[in-house]
$ cat start-v9.cif   # mmCIF, C-alpha atoms (C1' of nucleotides) and all ligand atoms
data_run
#
loop_
_atom_site.label_atom_id
_atom_site.label_comp_id
_atom_site.auth_asym_id
_atom_site.auth_seq_id
_atom_site.Cartn_x
_atom_site.Cartn_y
_atom_site.Cartn_z
CA MET F 16 -4.56 -17.69 53.34
CA ARG F 17 -4.07 -17.16 49.65
CA THR F 18 -4.20 -13.40 49.60
CA HIS F 19 -4.44 -13.17 45.85
CA ALA F 20 -7.34 -15.58 45.70
CA VAL F 21 -9.08 -13.75 48.49
CA VAL F 22 -8.79 -10.40 46.74
CA GLU F 23 -9.86 -11.82 43.42
CA ALA F 24 -12.81 -13.58 44.96
CA THR F 25 -13.78 -10.33 46.59
CA GLN F 26 -13.81 -8.51 43.27
CA VAL F 27 -15.88 -11.17 41.60
CA ASP F 28 -18.19 -11.02 44.57
CA ALA F 29 -18.43 -7.24 44.27
CA ALA F 30 -19.62 -7.53 40.70
CA SER F 31 -22.32 -10.02 41.52
CA LEU F 32 -23.41 -8.08 44.59
CA LEU F 33 -23.85 -5.03 42.41
CA ARG F 34 -25.66 -6.84 39.63
CA GLY F 35 -27.85 -8.57 42.16
CA ALA F 36 -28.98 -5.18 43.38
CA GLY F 37 -29.57 -3.89 39.85
CA LEU F 38 -26.61 -1.55 39.97
CA ARG F 39 -24.11 -1.18 37.17
CA VAL F 40 -20.71 -2.62 37.78
CA THR F 41 -18.19 0.20 37.72
CA LYS F 42 -14.63 0.53 38.87
CA PRO F 43 -15.36 2.93 41.73
CA ARG F 44 -18.13 0.69 43.03
CA THR F 45 -16.01 -2.41 42.86
CA ALA F 46 -13.14 -0.63 44.53
CA VAL F 47 -15.34 0.66 47.34
CA ILE F 48 -16.72 -2.80 48.01
CA VAL F 49 -13.24 -4.28 48.04
CA ALA F 50 -12.09 -1.56 50.41
CA LEU F 51 -15.01 -2.13 52.75
CA ALA F 52 -14.40 -5.87 52.71
CA ALA F 53 -10.83 -5.22 53.80
CA THR F 54 -11.67 -2.55 56.34
CA PRO F 55 -15.04 -2.71 58.02
CA HIS F 56 -16.34 0.47 59.67
CA ALA F 57 -14.36 2.69 57.35
CA SER F 58 -15.37 6.32 56.90
CA ALA F 59 -15.93 7.86 53.48
CA ASP F 60 -12.52 9.41 53.76
CA ASP F 61 -10.91 6.11 54.77
CA VAL F 62 -12.46 4.54 51.70
CA PHE F 63 -11.34 7.43 49.55
CA GLN F 64 -7.78 6.96 50.70
CA ALA F 65 -7.85 3.20 50.36
CA ILE F 66 -9.12 3.58 46.82
CA ALA F 67 -6.57 6.18 45.87
CA ILE F 68 -4.07 3.33 45.66
CA ALA F 69 -6.11 0.89 43.60
CA LEU F 70 -7.94 3.43 41.50
CA PRO F 71 -6.19 6.80 41.49
CA GLY F 72 -8.21 9.74 40.27
CA THR F 73 -11.43 8.61 41.85
CA SER F 74 -13.27 11.61 43.19
CA ARG F 75 -14.38 12.05 46.72
CA GLN F 76 -17.88 12.66 45.45
CA ALA F 77 -17.85 9.29 43.71
CA VAL F 78 -17.06 7.67 47.05
CA TYR F 79 -19.99 9.45 48.68
CA ASN F 80 -22.23 8.44 45.79
CA VAL F 81 -21.18 4.83 45.88
CA LEU F 82 -21.47 4.52 49.64
CA GLY F 83 -24.90 6.08 49.48
CA ASP F 84 -25.97 3.76 46.68
CA LEU F 85 -24.69 0.71 48.51
CA ALA F 86 -26.51 1.71 51.67
CA ASP F 87 -29.72 2.54 49.80
CA ASN F 88 -29.67 -0.85 48.13
CA GLY F 89 -28.94 -2.89 51.21
CA LEU F 90 -25.40 -3.81 50.20
CA ALA F 91 -23.84 -1.77 52.97
CA GLN F 92 -24.84 -0.39 56.30
CA ARG F 93 -24.09 3.08 57.55
CA ILE F 94 -23.43 3.78 61.21
CA GLU F 95 -22.99 7.24 62.66
CA PRO F 96 -21.44 7.17 66.11
CA ALA F 97 -21.60 10.50 67.91
CA GLY F 98 -18.56 12.62 67.22
CA SER F 99 -17.44 10.59 64.23
CA PRO F 100 -18.10 10.83 60.51
CA ALA F 101 -20.33 8.09 59.13
CA ARG F 102 -18.82 4.65 58.83
CA TYR F 103 -19.77 1.84 56.49
CA GLU F 104 -19.65 -1.92 56.46
CA LEU F 105 -20.76 -4.78 54.27
CA ARG F 106 -22.11 -6.78 57.17
CA VAL F 107 -25.81 -6.14 56.82
CA GLY F 108 -29.08 -7.63 57.85
CA ASP F 109 -27.95 -9.32 61.03
CA ASN F 110 -28.74 -6.54 63.48
CA HIS F 111 -25.36 -6.58 65.13
CA HIS F 112 -24.16 -3.73 67.29
CA HIS F 113 -21.00 -1.72 67.91
CA ILE F 114 -18.50 -0.77 70.54
CA VAL F 115 -16.81 2.56 70.02
CA CYS F 116 -13.64 3.61 71.79
CA THR F 117 -14.15 7.00 73.42
CA SER F 118 -10.44 7.56 73.24
CA CYS F 119 -9.45 6.75 69.66
CA GLY F 120 -12.73 6.08 67.87
CA ALA F 121 -11.99 2.45 67.05
CA VAL F 122 -15.12 0.46 66.28
CA ALA F 123 -15.69 -3.24 66.82
CA ASP F 124 -18.66 -5.49 66.19
CA VAL F 125 -20.84 -6.90 68.92
CA ASP F 126 -23.28 -9.65 68.21
CA CYS F 127 -26.82 -8.80 69.06
CA ALA F 128 -27.41 -9.20 72.77
CA VAL F 129 -30.79 -10.82 72.35
CA GLY F 130 -31.55 -12.27 68.96
CA HIS F 131 -33.03 -10.44 66.05
CA ALA F 132 -34.22 -6.94 65.26
CA PRO F 133 -35.69 -5.26 67.10
CA CYS F 134 -33.65 -7.04 69.71
CA LEU F 135 -34.90 -5.00 72.62
CA THR F 136 -38.40 -4.01 73.46
CA PRO F 137 -38.95 -1.01 75.68
CA HIS F 138 -41.94 -0.93 78.01
CA HIS F 139 -43.18 2.50 77.09
CA THR F 140 -42.96 3.46 73.45
CA ALA F 141 -44.60 6.88 73.74
CA GLY F 142 -46.88 6.02 70.86
CA PHE F 143 -44.07 5.15 68.48
CA VAL F 144 -44.03 2.03 66.35
CA ILE F 145 -40.53 0.64 66.66
CA ASP F 146 -38.64 -0.69 63.66
CA GLU F 147 -35.21 -1.20 65.07
CA ALA F 148 -33.12 -1.05 68.19
CA GLU F 149 -29.61 0.25 67.72
CA VAL F 150 -27.15 -0.32 70.51
CA THR F 151 -23.88 1.53 70.80
CA TYR F 152 -21.49 0.60 73.54
CA TRP F 153 -18.95 3.18 74.58
CA GLY F 154 -15.69 2.24 76.22
CA THR F 155 -11.97 1.90 75.79
CA CYS F 156 -10.32 -0.35 73.25
CA ALA F 157 -7.48 -2.68 74.14
CA ASP F 158 -4.86 -0.39 72.57
CA CYS F 159 -6.03 2.64 74.50
CA GLN F 160 -6.15 0.68 77.75
CA GLN F 161 -2.54 -0.18 77.11
CA LEU F 162 -1.61 3.44 76.43
CA ALA F 163 -3.37 4.51 79.61
CA ARG F 164 -1.28 2.07 81.60
CA VAL F 165 1.99 3.28 80.11
CA PRO F 166 1.40 7.03 80.53
CA ASP F 167 3.43 7.78 77.50
CA SER F 168 3.86 9.45 74.14
CA SER F 169 1.62 10.79 71.44
CA SER F 170 -1.68 9.65 70.01
CA HIS F 171 -1.37 6.34 68.26
CA ALA F 172 -2.33 5.59 64.68
CA SER F 173 -6.03 5.52 63.96
CA ALA F 174 -7.68 2.17 64.39
CA ILE F 175 -10.63 1.84 62.09
CA GLN F 176 -10.86 -1.89 61.91
CA GLY F 177 -13.19 -4.03 63.83
CA GLU F 178 -12.20 -7.26 65.49
CA THR F 179 -9.42 -6.21 67.79
CA PRO F 180 -7.72 -9.56 68.34
CA MET G 6 -50.55 24.74 87.27
CA ARG G 7 -49.34 28.16 88.24
CA THR G 8 -47.36 28.96 85.14
CA HIS G 9 -45.67 31.94 86.66
CA ALA G 10 -44.56 29.99 89.70
CA VAL G 11 -43.30 27.18 87.53
CA VAL G 12 -41.21 29.48 85.39
CA GLU G 13 -39.88 31.32 88.38
CA ALA G 14 -39.03 28.12 90.16
CA THR G 15 -37.21 26.96 87.06
CA GLN G 16 -35.11 30.10 86.98
CA VAL G 17 -34.24 29.83 90.61
CA ASP G 18 -33.38 26.23 90.01
CA ALA G 19 -31.21 27.18 87.05
CA ALA G 20 -29.16 29.48 89.24
CA SER G 21 -28.56 26.86 91.89
CA LEU G 22 -27.78 24.21 89.33
CA LEU G 23 -25.14 26.49 87.87
CA ARG G 24 -23.69 27.49 91.20
CA GLY G 25 -23.69 23.87 92.29
CA ALA G 26 -21.49 23.07 89.33
CA GLY G 27 -19.18 25.99 90.00
CA LEU G 28 -20.39 27.93 87.00
CA ARG G 29 -21.23 31.61 87.04
CA VAL G 30 -24.87 32.49 86.83
CA THR G 31 -25.43 34.45 83.63
CA LYS G 32 -28.47 35.34 81.60
CA PRO G 33 -27.64 33.13 78.62
CA ARG G 34 -27.03 30.14 80.87
CA THR G 35 -30.21 30.66 82.81
CA ALA G 36 -32.16 31.11 79.60
CA VAL G 37 -30.73 27.94 78.06
CA ILE G 38 -31.60 25.92 81.13
CA VAL G 39 -35.12 27.31 81.17
CA ALA G 40 -35.46 26.52 77.45
CA LEU G 41 -34.24 22.95 77.92
CA ALA G 42 -36.58 22.47 80.85
CA ALA G 43 -39.46 23.50 78.60
CA THR G 44 -38.30 21.56 75.55
CA PRO G 45 -36.28 18.42 76.15
CA HIS G 46 -34.23 17.09 73.22
CA ALA G 47 -33.87 20.53 71.68
CA SER G 48 -31.07 21.20 69.21
CA ALA G 49 -28.70 24.12 69.61
CA ASP G 50 -30.71 25.93 67.00
CA ASP G 51 -33.99 25.18 68.76
CA VAL G 52 -32.51 26.61 71.94
CA PHE G 53 -31.21 29.61 70.07
CA GLN G 54 -34.65 30.33 68.73
CA ALA G 55 -36.38 29.73 72.04
CA ILE G 56 -34.00 32.14 73.70
CA ALA G 57 -34.39 34.79 71.06
CA ILE G 58 -37.73 35.59 72.66
CA ALA G 59 -36.66 35.74 76.28
CA LEU G 60 -33.20 37.16 75.72
CA PRO G 61 -32.86 38.81 72.34
CA GLY G 62 -29.36 39.48 71.10
CA THR G 63 -27.92 36.28 72.49
CA SER G 64 -25.38 34.92 70.03
CA ARG G 65 -25.49 31.51 68.50
CA GLN G 66 -21.97 30.94 69.78
CA ALA G 67 -23.13 31.65 73.31
CA VAL G 68 -25.71 28.89 72.94
CA TYR G 69 -23.04 26.46 71.77
CA ASN G 70 -20.79 27.53 74.63
CA VAL G 71 -23.50 27.15 77.23
CA LEU G 72 -24.70 23.80 75.96
CA GLY G 73 -21.13 22.55 75.93
CA ASP G 74 -20.50 23.83 79.43
CA LEU G 75 -23.70 22.27 80.73
CA ALA G 76 -22.82 18.94 79.15
CA ASP G 77 -19.23 19.07 80.39
CA ASN G 78 -20.42 19.72 83.91
CA GLY G 79 -23.08 17.07 84.03
CA LEU G 80 -25.99 19.47 84.02
CA ALA G 81 -27.13 18.41 80.58
CA GLN G 82 -26.78 15.44 78.33
CA ARG G 83 -26.05 15.56 74.64
CA ILE G 84 -27.47 12.98 72.26
CA GLU G 85 -26.55 12.74 68.60
CA PRO G 86 -28.99 10.64 66.65
CA ALA G 87 -27.80 9.79 63.16
CA GLY G 88 -28.87 12.36 60.64
CA SER G 89 -29.76 14.97 63.23
CA PRO G 90 -27.85 17.80 64.85
CA ALA G 91 -27.00 17.23 68.50
CA ARG G 92 -29.84 17.47 70.97
CA TYR G 93 -29.73 18.33 74.64
CA GLU G 94 -31.73 17.58 77.74
CA LEU G 95 -31.55 18.21 81.44
CA ARG G 96 -32.49 14.66 82.32
CA VAL G 97 -29.11 13.23 83.22
CA GLY G 98 -27.62 10.40 85.16
CA ASP G 99 -30.46 7.93 84.81
CA ASN G 100 -29.27 6.11 81.70
CA HIS G 101 -32.52 6.42 79.84
CA HIS G 102 -32.76 5.86 76.13
CA HIS G 103 -34.47 7.38 73.11
CA ILE G 104 -36.89 6.64 70.32
CA VAL G 105 -36.36 8.69 67.19
CA CYS G 106 -38.95 9.03 64.44
CA THR G 107 -37.37 8.17 61.10
CA SER G 108 -39.96 10.31 59.40
CA CYS G 109 -39.93 13.61 61.28
CA GLY G 110 -37.06 13.31 63.76
CA ALA G 111 -39.20 13.57 66.87
CA VAL G 112 -37.47 12.19 69.95
CA ALA G 113 -39.06 10.63 73.02
CA ASP G 114 -37.63 9.15 76.18
CA VAL G 115 -37.57 5.46 76.95
CA ASP G 116 -36.78 4.22 80.38
CA CYS G 117 -33.84 1.92 80.55
CA ALA G 118 -34.87 -1.58 79.57
CA VAL G 119 -32.77 -3.23 82.22
CA GLY G 120 -31.78 -1.04 85.15
CA HIS G 121 -28.68 1.04 85.37
CA ALA G 122 -25.70 1.83 83.18
CA PRO G 123 -24.37 -0.12 81.46
CA CYS G 124 -27.79 -1.65 81.15
CA LEU G 125 -26.76 -4.24 78.61
CA THR G 126 -23.80 -6.52 78.59
CA PRO G 127 -22.61 -7.96 75.32
CA HIS G 128 -21.02 -11.39 75.29
CA HIS G 129 -17.96 -10.51 73.29
CA THR G 130 -16.39 -7.15 73.96
CA ALA G 131 -13.49 -7.45 71.53
CA GLY G 132 -11.10 -6.40 74.28
CA PHE G 133 -12.95 -3.21 75.06
CA VAL G 134 -13.79 -2.10 78.57
CA ILE G 135 -17.36 -0.89 78.39
CA ASP G 136 -18.51 2.27 80.15
CA GLU G 137 -21.94 2.70 78.78
CA ALA G 138 -24.62 1.19 76.60
CA GLU G 139 -26.56 3.64 74.51
CA VAL G 140 -29.77 2.43 72.96
CA THR G 141 -31.54 4.25 70.15
CA TYR G 142 -34.84 2.94 68.91
CA TRP G 143 -35.91 3.93 65.42
CA GLY G 144 -39.52 3.99 64.40
CA THR G 145 -42.50 6.15 63.58
CA CYS G 146 -44.07 8.61 65.97
CA ALA G 147 -47.81 8.79 66.55
CA ASP G 148 -48.17 11.91 64.41
CA CYS G 149 -46.37 10.38 61.46
CA GLN G 150 -48.38 7.17 61.75
CA GLN G 151 -51.46 9.35 61.50
CA LEU G 152 -50.13 11.20 58.47
CA ALA G 153 -49.29 7.91 56.79
CA ARG G 154 -52.84 6.72 57.25
CA VAL G 155 -54.35 9.90 55.82
CA PRO G 156 -52.15 10.16 52.69
CA ASP G 157 -52.40 13.87 52.70
CA SER G 158 -50.82 17.29 52.66
CA SER G 159 -47.47 18.75 53.44
CA SER G 160 -44.90 18.02 56.12
CA HIS G 161 -46.18 18.80 59.56
CA ALA G 162 -44.62 21.14 62.07
CA SER G 163 -41.44 19.93 63.68
CA ALA G 164 -41.89 17.89 66.81
CA ILE G 165 -38.93 18.24 69.09
CA GLN G 166 -40.56 17.39 72.35
CA GLY G 167 -40.45 14.14 74.11
CA GLU G 168 -43.41 12.52 75.76
CA THR G 169 -45.89 12.26 72.99
CA PRO G 170 -49.08 11.71 74.97
"C1'" DC B 24 -19.48 50.37 97.30
"C1'" DG B 25 -15.63 50.14 93.96
"C1'" DC B 26 -12.08 47.59 91.92
"C1'" DA B 27 -9.48 43.68 90.05
"C1'" DT B 28 -9.40 39.18 88.45
"C1'" DT B 29 -11.27 35.72 86.07
"C1'" DC B 30 -14.78 33.84 83.46
"C1'" DT B 31 -18.32 34.69 79.57
"C1'" DT B 32 -20.03 36.49 75.60
"C1'" DT B 33 -19.64 38.55 71.14
"C1'" DT B 34 -17.89 38.88 66.63
"C1'" DG B 35 -16.24 37.06 62.59
"C1'" DA B 36 -13.38 33.85 60.39
"C1'" DC B 37 -12.92 29.12 59.52
"C1'" DT B 38 -13.33 23.86 59.29
"C1'" DG B 39 -15.11 19.07 58.29
"C1'" DA B 40 -18.54 16.39 56.44
"C1'" DA B 41 -21.73 16.04 53.35
"C1'" DT B 42 -24.92 17.52 49.59
"C1'" DC B 43 -26.42 19.69 45.12
"C1'" DA B 44 -26.28 20.42 40.21
"C1'" DA B 45 -24.54 20.59 35.58
"C1'" DA B 46 -21.56 18.71 32.21
"C1'" DA B 47 -18.73 14.91 30.65
"C1'" DG B 48 -18.10 9.96 30.48
"C1'" DA B 49 -19.03 4.89 30.72
"C1'" DA B 50 -22.23 0.52 31.03
"C1'" DG B 51 -25.19 -2.35 29.05
"C1'" DG B 52 -29.21 -3.54 25.96
"C1'" DG B 53 -30.43 -3.76 21.38
"C1'" DC N 5 -21.48 -0.55 17.35
"C1'" DC N 6 -24.76 2.88 18.98
"C1'" DC N 7 -28.16 4.84 21.88
"C1'" DT N 8 -30.12 5.45 26.17
"C1'" DT N 9 -29.59 5.67 30.84
"C1'" DC N 10 -26.92 5.63 34.69
"C1'" DT N 11 -22.33 7.25 36.85
"C1'" DT N 12 -18.68 10.08 37.64
"C1'" DT N 13 -16.40 14.45 37.73
"C1'" DT N 14 -16.06 19.16 38.84
"C1'" DG N 15 -16.98 22.93 41.51
"C1'" DA N 16 -20.05 25.41 44.27
"C1'" DT N 17 -22.76 25.30 48.42
"C1'" DT N 18 -24.84 24.02 52.84
"C1'" DC N 19 -25.03 22.72 57.62
"C1'" DA N 20 -23.36 22.17 62.17
"C1'" DG N 21 -19.96 23.25 64.78
"C1'" DT N 22 -15.24 25.12 66.27
"C1'" DC N 23 -11.46 28.61 66.95
"C1'" DA N 24 -9.58 32.87 68.51
"C1'" DA N 25 -9.31 37.68 69.80
"C1'" DA N 26 -11.49 41.54 71.81
"C1'" DA N 27 -15.12 43.39 74.63
"C1'" DG N 28 -18.11 42.76 78.55
"C1'" DA N 29 -20.00 40.87 82.92
"C1'" DA N 30 -19.85 38.08 87.47
"C1'" DT N 31 -17.77 37.15 91.66
"C1'" DG N 32 -14.50 38.02 95.55
"C1'" DC N 33 -12.31 41.32 98.31
"C1'" DG N 34 -10.79 45.54 100.41
MN MN U 201 -20.25 -3.69 62.33
MN MN U 202 -34.14 12.01 76.90
ZN ZN U 203 -9.00 3.23 71.48
ZN ZN U 204 -42.68 11.55 63.28
#

$ encode --input "start-v9.cif" --output "C-alpha cells" --more "lines below"
Ligand SMILES: [Mn+2]
Ligand SMILES: [Mn+2]
Ligand SMILES: [Zn+2]
Ligand SMILES: [Zn+2]
Amino acid sequence: MRTHAVVEATQVDAASLLRGAGLRVTKPRTAVIVALAATPHASADDVFQAIAIALPGTSRQAVYNVLGDLADNGLAQRIEPAGSPARYELRVGDNHHHIVCTSCGAVADVDCAVGHAPCLTPHHTAGFVIDEAEVTYWGTCADCQQLARVPDSSSHASAIQGETP
Amino acid sequence: MRTHAVVEATQVDAASLLRGAGLRVTKPRTAVIVALAATPHASADDVFQAIAIALPGTSRQAVYNVLGDLADNGLAQRIEPAGSPARYELRVGDNHHHIVCTSCGAVADVDCAVGHAPCLTPHHTAGFVIDEAEVTYWGTCADCQQLARVPDSSSHASAIQGETP
DNA sequence: CGCATTCTTTTGACTGAATCAAAAGAAGGG
DNA sequence: CCCTTCTTTTGATTCAGTCAAAAGAATGCG
C-alpha cells in the first residue's frame, strides 16, 4: 500500500465529493472527509482531534458544521448508538448495519441481513409508513472478550474503528 | 372498563413489582410505574409531567433515579431513538422493536420480526459476540401522513403513545 | 409501637454534546 | 481582482442527564 498515494487520492476525492454535492471545497471539509475515510464511525470529537494534527486551529463548531453538512448532503451518514455521541461514516446508501460493543463502545459494520432498505418488514406497522429499518447489534468486541478472559488491568484504549480484524 | 379498578390494580401491581425486585415501595416509584403503564414510551420529562398531577413536588431527579432503578432491575426498558431523549416502557423481556415517526417522534411497538432475542443473525460479526439485535424502523405515523396530505396549520400535539389505532 | 439502619429523595451544582447567532473570513463566479 | 454568498470562528446557550451531600422515609426488629 502506497500510503502517500492513498492519502493524496483521498484528498482529491474529497474535493470532487464536495463539488459533486454543490458544496464549496474548504480545508475543514477536506480534512473532515480525510479523517472519516481513515476512521469510520468517528465521533465529532474524534474528528476534531484527528484534524487538530492536519489543520490546527480548526474550531469544534466547524467540525459540527461540516459533519452536519456532509450528512445533509448524503456524503456521510450519522449513527447514534444509545449511550454514545453521534458517529459518522462515509459509507452511505448501502443500508448496512452496526455492532456496538457494550463494554468499550467499539463499532463495526455489518452487511445488511436481507438485502436493501428497508431490509426488514414488520407485520404490524401501527399505521406507519416505513422508510427504513435500522438494526443495531449489541455485544462484546474481540478485544473486550480478551480482557474478560484475562481478568486484568485498566480500561483499554478506545476503539473507534470498524473492521476488527 | 372500570377505570377506578384499573388504576387501583395498577398501583397494587406496582407495589408487587417493586417488592419482587427487592426495591422499596415509595410514592415516586409507584407513580412512575403507573405513569408508564398509562403512557408507554414516555420520556423522563413526560413522566415528570404526568406525575406532577398525581404527586406534586416530586423532583425531576427522583424521576431519573426511579427510571434508572426500574431499568437496572428489569422492570422497565429504556430505548434511545436517535434525536430523542430516552424513553421508557414496562414491556420488557419480549424483544419487541419500535417504529419512530421522523416527523413528530411518535413511537409504536412492533412485534419481533423473527422470534426471540437475538432475532436476527448477521453473517459477519467482526469478532463480536452478539447479545441482542435492536431494530428501529423509521417512517411516518398515521397522523403525520394525514397532515402531509392536508398541507395545513401548525405542528400537532405531541404523540408519545404507542399503538396508534 | 418505637427505634435504628439502610435506602430514597431533594436540592443545587455541574457535565457532555450539541445548537444558535453575530461578526469575521474565504471560495468561486464574473 | 472584486463582489456576493457561503463558511468559519467566537462565545453564549440549551438540553438531557449525572454527581454529591444533606434531609427524609421505608423496612426490620426489639
Ligand atoms: Mn458503518
Ligand atoms: Mn415498546
Ligand atoms: Zn469492546
Ligand atoms: Zn408523526

$ residues_around --input "start-v9.cif" --residues "DC6 (chain N)" --least-positions-apart "2" --cutoff "12 Å" --atoms "all atoms listed in the file" --output "PyMOL selection string"
(chain B and resi 51-53) or (chain N and resi 8)

$ residues_near_ligand --input "start-v9.cif" --ligand "ligand ZN 203 (chain U)" --cutoff "7 Å" --atoms "all atoms listed in the file" --output "NGL selection string"
:F and (116-121 or 155-159)

$ interface_residues --input "start-v9.cif" --of "chain G" --to "chain B" --cutoff "9 Å" --atoms "only C-alpha atoms (C1' of nucleotides)" --output "list of chain:residue names"
G:Leu28, G:Arg29, G:Thr31, G:Pro33, G:Thr63, G:Ser64, G:Gln66, G:Ala67

$ write_last_selection --input "start-v9.cif" --atoms "C-alpha atoms" --output "tab-separated table (two decimals), in the coordinates of the input"
chain	number	residue	atom	x	y	z
G	28	LEU	CA	-20.39	27.93	87.00
G	29	ARG	CA	-21.23	31.61	87.04
G	31	THR	CA	-25.43	34.45	83.63
G	33	PRO	CA	-27.64	33.13	78.62
G	63	THR	CA	-27.92	36.28	72.49
G	64	SER	CA	-25.38	34.92	70.03
G	66	GLN	CA	-21.97	30.94	69.78
G	67	ALA	CA	-23.13	31.65	73.31

$ closest_residue --input "start-v9.cif" --among "F:Val125, F:Ala59, F:Val144, F:Ile66" --to "ligand ZN 204 (chain U)" --atoms "all atoms listed in the file"
F:Val144

$ closest_atom_pairs --input "start-v9.cif" --of "chain N" --to "chain G" --cutoff "10 Å" --atoms "all atoms listed in the file" --output "JSON lines"
{"residue": "N:DC19", "atom": "C1'", "partner": "G:Pro90", "partner_atom": "CA", "distance": 9.2}
{"residue": "N:DA20", "atom": "C1'", "partner": "G:Pro90", "partner_atom": "CA", "distance": 6.8}
{"residue": "N:DG21", "atom": "C1'", "partner": "G:Tyr69", "partner_atom": "CA", "distance": 8.3}
{"residue": "N:DT22", "atom": "C1'", "partner": "G:Gln66", "partner_atom": "CA", "distance": 9.6}
{"residue": "N:DA29", "atom": "C1'", "partner": "G:Thr31", "partner_atom": "CA", "distance": 8.4}
{"residue": "N:DA30", "atom": "C1'", "partner": "G:Arg29", "partner_atom": "CA", "distance": 6.6}
{"residue": "N:DT31", "atom": "C1'", "partner": "G:Arg29", "partner_atom": "CA", "distance": 8.0}

$ residues_around --input "start-v9.cif" --residues "Ala55 (chain G)" --least-positions-apart "4" --cutoff "8 Å" --atoms "all atoms listed in the file" --output "list in words"
Ala40, Asp51 and Ala59 of chain G

$ interface_residues --input "start-v9.cif" --of "chain G" --to "chain F" --cutoff "7 Å" --atoms "only C-alpha atoms" --output "PyMOL selection string"
chain G and resi 85+87+113+115+118+127+129-147+168-170

$ write_last_selection --input "start-v9.cif" --atoms "C-alpha atoms" --output "CSV table (one decimal), keeping the file's coordinate frame"
chain,number,residue,atom,x,y,z
G,85,GLU,CA,-26.6,12.7,68.6
G,87,ALA,CA,-27.8,9.8,63.2
G,113,ALA,CA,-39.1,10.6,73.0
G,115,VAL,CA,-37.6,5.5,77.0
G,118,ALA,CA,-34.9,-1.6,79.6
G,127,PRO,CA,-22.6,-8.0,75.3
G,129,HIS,CA,-18.0,-10.5,73.3
G,130,THR,CA,-16.4,-7.2,74.0
G,131,ALA,CA,-13.5,-7.4,71.5
G,132,GLY,CA,-11.1,-6.4,74.3
G,133,PHE,CA,-13.0,-3.2,75.1
G,134,VAL,CA,-13.8,-2.1,78.6
G,135,ILE,CA,-17.4,-0.9,78.4
G,136,ASP,CA,-18.5,2.3,80.2
G,137,GLU,CA,-21.9,2.7,78.8
G,138,ALA,CA,-24.6,1.2,76.6
G,139,GLU,CA,-26.6,3.6,74.5
G,140,VAL,CA,-29.8,2.4,73.0
G,141,THR,CA,-31.5,4.2,70.2
G,142,TYR,CA,-34.8,2.9,68.9
G,143,TRP,CA,-35.9,3.9,65.4
G,144,GLY,CA,-39.5,4.0,64.4
G,145,THR,CA,-42.5,6.2,63.6
G,146,CYS,CA,-44.1,8.6,66.0
G,147,ALA,CA,-47.8,8.8,66.6
G,168,GLU,CA,-43.4,12.5,75.8
G,169,THR,CA,-45.9,12.3,73.0
G,170,PRO,CA,-49.1,11.7,75.0

$ atom_distance --input "start-v9.cif" --atom1 "CA of Arg106 (chain F)" --atom2 "CA of His56 (chain F)"
9.6 Å

$ atom_distance --input "start-v9.cif" --atom1 "CA of Gly83 (chain F)" --atom2 "CA of Tyr103 (chain F)"
9.7 Å

$ atom_distance --input "start-v9.cif" --atom1 "CA of Val62 (chain F)" --atom2 "CA of Ala29 (chain F)"
15.2 Å

$ axis_aligned_box --input "start-v9.cif" --around "region 20-36 of chain G" --padding-each-side "3 Å" --output "lines of an AutoDock Vina configuration file"
center_x = -25.7
center_y = 29.2
center_z = 85.5
size_x = 19.0
size_y = 18.3
size_z = 19.7

$ closest_residue --input "start-v9.cif" --among "G:Pro45, G:Gly79, G:Gly98, G:Pro61" --to "ligand MN 202 (chain U)" --atoms "only C-alpha atoms and all ligand atoms"
G:Pro45

$ decode --input "start-v9.cif" --residues "region 132-140 of chain G" --atoms "N, CA, C and O atoms" --output "JSON list (two decimals), in the first residue's frame"
[["chain", "number", "residue", "atom", "x", "y", "z"],
["G", 132, "GLY", "N", -15.91, -10.44, 14.76],
["G", 132, "GLY", "CA", -15.30, -10.88, 16.01],
["G", 132, "GLY", "C", -16.12, -10.59, 17.25],
["G", 132, "GLY", "O", -15.76, -10.98, 18.35],
["G", 133, "PHE", "N", -17.23, -9.93, 17.07],
["G", 133, "PHE", "CA", -18.09, -9.63, 18.21],
["G", 133, "PHE", "C", -18.91, -10.86, 18.60],
["G", 133, "PHE", "O", -19.30, -11.65, 17.76],
["G", 134, "VAL", "N", -19.19, -10.96, 19.90],
["G", 134, "VAL", "CA", -20.21, -11.90, 20.37],
["G", 134, "VAL", "C", -21.49, -11.08, 20.54],
["G", 134, "VAL", "O", -21.50, -10.08, 21.26],
["G", 135, "ILE", "N", -22.53, -11.49, 19.90],
["G", 135, "ILE", "CA", -23.75, -10.69, 19.89],
["G", 135, "ILE", "C", -24.72, -11.10, 20.98],
["G", 135, "ILE", "O", -25.00, -12.28, 21.18],
["G", 136, "ASP", "N", -25.20, -10.11, 21.73],
["G", 136, "ASP", "CA", -26.18, -10.36, 22.78],
["G", 136, "ASP", "C", -27.60, -10.08, 22.31],
["G", 136, "ASP", "O", -28.54, -10.70, 22.75],
["G", 137, "GLU", "N", -27.70, -9.07, 21.46],
["G", 137, "GLU", "CA", -29.03, -8.58, 21.18],
["G", 137, "GLU", "C", -29.07, -7.88, 19.84],
["G", 137, "GLU", "O", -28.09, -7.27, 19.42],
["G", 138, "ALA", "N", -30.21, -7.99, 19.18],
["G", 138, "ALA", "CA", -30.43, -7.23, 17.95],
["G", 138, "ALA", "C", -31.55, -6.25, 18.20],
["G", 138, "ALA", "O", -32.65, -6.63, 18.59],
["G", 139, "GLU", "N", -31.25, -4.99, 18.01],
["G", 139, "GLU", "CA", -32.24, -3.95, 18.23],
["G", 139, "GLU", "C", -32.65, -3.39, 16.87],
["G", 139, "GLU", "O", -31.80, -3.01, 16.08],
["G", 140, "VAL", "N", -33.92, -3.39, 16.62],
["G", 140, "VAL", "CA", -34.38, -2.90, 15.32],
["G", 140, "VAL", "C", -35.21, -1.64, 15.53],
["G", 140, "VAL", "O", -36.14, -1.62, 16.34]]
